Amino acid sequence: MTGEPAHEGRGATSASAAARQSALKNRATFDLSTSGTPPRCRLVGGESSYDTDPSMIEQSQPPPRAPGSPRPSSGPYSGFRLIREGFRGQRGWTRAWAKPDPRPRYRVLIVGGGGHGLATAFYLAREFGIRDVAVLERGPIGLGNVGRNTTIIRSNYFQPANVRFYEFSLKLWEGLEQTLNFNAMVSQRGTLNLYHSEAQRDLFTRRANTMRLEGIDAESLTREEVKRRVPLVDLDNGRYPVLGGYLQPRGGTVRHDAVAWGYARAASEAGVDIIEHCEVIGIRREGGRVAGVVTTRGPIDAETVCLAVAGHSSRLAALAGLTLPLESHVLQAFVSESVKPMLDVVVTYGAGHFYASQSDKGGLVFGGAIDGYNSYGQRGALPMAEEVAAAAITLMPGLARLKVVRQWGGVMAMTMDGSPIISRPPLAGLIRHGGWCYGGFKAIPAGGMTTAHLIARGVPHPLAAHLNLERFATGHTVDERGAGPFPYAH
């Protein structure tokens, strides 16, 4: 009899332990071992185990972010972090930029999520402290003109005001990777413009002297120096012999996709909302000013609306009742198969509209003039492709063996004088930014900075004051090539 109670006691203890073990098996636990990533919830029970969506489990949420306030950083990009994440299984990376839903109202709306729109948003937040900004892009970031160009940067222009503007942009390019903490692959390999006649030599000399007066680098190269720099060039080709060239050593190329990604990441961290798949289909007006836009994701109000939509500028302006002095044309670009390093400078052909460089992957990137008709298509026609190929083989016959593996077209907004527009149209609350012709990509940093200045301060930036819309009415055009009021000729 004395053993019975002891036996019952041992049984009760075993049952309690079994109950506790069962409870432990069926509880929901969070794996918080990876900092910076969403908590992982794993429900374990019986003989089966499976992952559960953390949103289905009650957990504490961080307080909501105030509109326009900076977002938590995704962390600095560096070689050290690459090594660290390699040891951590690459689990510490987060989205490069946030993908929020649009809010009903912003202080500034920027229509167009290309290079210029993203740069404007970034500089508004960084330089002027205006963070209540949204960038609206009808598709994914990077699929517009910012990713459809030949990646060239330079400041070797002719008009003094343009020289100063593009030199400002080139200086911003030189520090861009440190500013954005993003590898944009800025390569200052030099830009070489070839000349083929005595008259063209005189014109290029005048341009180089204008640059030197502004303190900008420009070097004259003889035929022999051109040949040493670019052995592929046929100096004595039958059509247009090369007499020499002018080199801007600080010119070069930048990876176009990385420019879009870098500006998007930096702007998002500064508090800007980047809203993709949000097409603007209407512009709302109240009285004599713009009050907001109508999008495929609903109406959005704003104090200021900036149009930065490249070749679609005239269509967006028409939604506000404006007619702009520009036309839309297609500019093609081509990429060859990859080959060993053979071209370490950007070369432009003075006897035709042809320019070429070699990418880091080995492919030659080259382009020519715009197709001679109006179009909104992101492609081009064969006649221009044939003209570009003919110029390439005339200048560098060795390229005849290469295969073209990719081609694309960008929709260019061509103005009546070949220079862009950064201005307030005669409609309060609206900013017009566009008409970049061939110079859009190289002008991204300066275009963004000067447009942000116009939005924040209400007056043009000194380096962009000559790019106002009123110049077409007063006759103060900035005709870089002297081609007259014909958009297709610039």
# chains A, B, ... in the order shown; residues from 1 in each chain; ligands from 1
$ residues_around --residues "Glu276 (chain A)" --least-positions-apart "5" --cutoff "7 Å" --atoms "only C-alpha atoms" --output "PyMOL selection string"
chain A and resi 136-141
$ residues_around --residues "Tyr355 (chain A)" --least-positions-apart "4" --cutoff "7 Å" --atoms "only C-alpha atoms" --output "JSON, numbers by chain"
{"A": [347, 348, 349, 366, 367, 368]}
$ closest_residue --among "A:Ala258, A:Leu331, A:Leu467, A:Leu399" --to "Met412 (chain A)" --atoms "only C-alpha atoms"
A:Leu331
$ residues_around --residues "Phe472 (chain A)" --least-positions-apart "3" --cutoff "10 Å" --atoms "only C-alpha atoms" --output "mmCIF file with N, CA and C atoms, in the first residue's frame"
data_model
loop_
_atom_site.group_PDB
_atom_site.id
_atom_site.type_symbol
_atom_site.label_atom_id
_atom_site.label_comp_id
_atom_site.auth_asym_id
_atom_site.auth_seq_id
_atom_site.Cartn_x
_atom_site.Cartn_y
_atom_site.Cartn_z
ATOM 1 N N PRO A 325 6.760 73.678 -78.396
ATOM 2 C CA PRO A 325 7.503 73.759 -79.665
ATOM 3 C C PRO A 325 8.504 72.621 -79.820
ATOM 4 N N THR A 415 13.494 69.882 -79.873
ATOM 5 C CA THR A 415 12.996 71.255 -79.867
ATOM 6 C C THR A 415 13.371 71.964 -81.172
ATOM 7 N N MET A 416 12.873 73.190 -81.313
ATOM 8 C CA MET A 416 13.104 73.958 -82.532
ATOM 9 C C MET A 416 14.523 74.513 -82.649
ATOM 10 N N ASP A 417 15.286 74.521 -81.546
ATOM 11 C CA ASP A 417 16.657 75.024 -81.624
ATOM 12 C C ASP A 417 17.683 74.008 -81.143
ATOM 13 N N LEU A 467 17.482 78.391 -70.794
ATOM 14 C CA LEU A 467 16.668 77.300 -71.318
ATOM 15 C C LEU A 467 15.182 77.508 -71.060
ATOM 16 N N ASN A 468 14.743 78.749 -70.885
ATOM 17 C CA ASN A 468 13.340 79.024 -70.604
ATOM 18 C C ASN A 468 12.500 78.874 -71.864
ATOM 19 N N LEU A 469 11.220 78.688 -71.664
ATOM 20 C CA LEU A 469 10.288 78.494 -72.772
ATOM 21 C C LEU A 469 10.060 79.776 -73.561
ATOM 22 N N GLY A 475 12.755 85.145 -79.652
ATOM 23 C CA GLY A 475 13.811 84.979 -80.640
ATOM 24 C C GLY A 475 15.185 84.733 -80.061
ATOM 25 N N HIS A 476 15.285 84.515 -78.745
ATOM 26 C CA HIS A 476 16.581 84.255 -78.101
ATOM 27 C C HIS A 476 16.854 82.746 -78.055
ATOM 28 N N THR A 477 16.848 82.123 -79.219
ATOM 29 C CA THR A 477 17.047 80.681 -79.270
ATOM 30 C C THR A 477 18.508 80.326 -79.003
ATOM 31 N N VAL A 478 18.727 79.060 -78.601
ATOM 32 C CA VAL A 478 20.074 78.559 -78.310
ATOM 33 C C VAL A 478 20.360 77.456 -79.323
ATOM 34 N N PRO A 485 14.947 76.472 -87.351
ATOM 35 C CA PRO A 485 13.790 75.957 -86.576
ATOM 36 C C PRO A 485 13.226 74.664 -87.147
#
$ atom_distance --atom1 "CA of Arg265 (chain A)" --atom2 "CA of Thr295 (chain A)"
23.3 Å
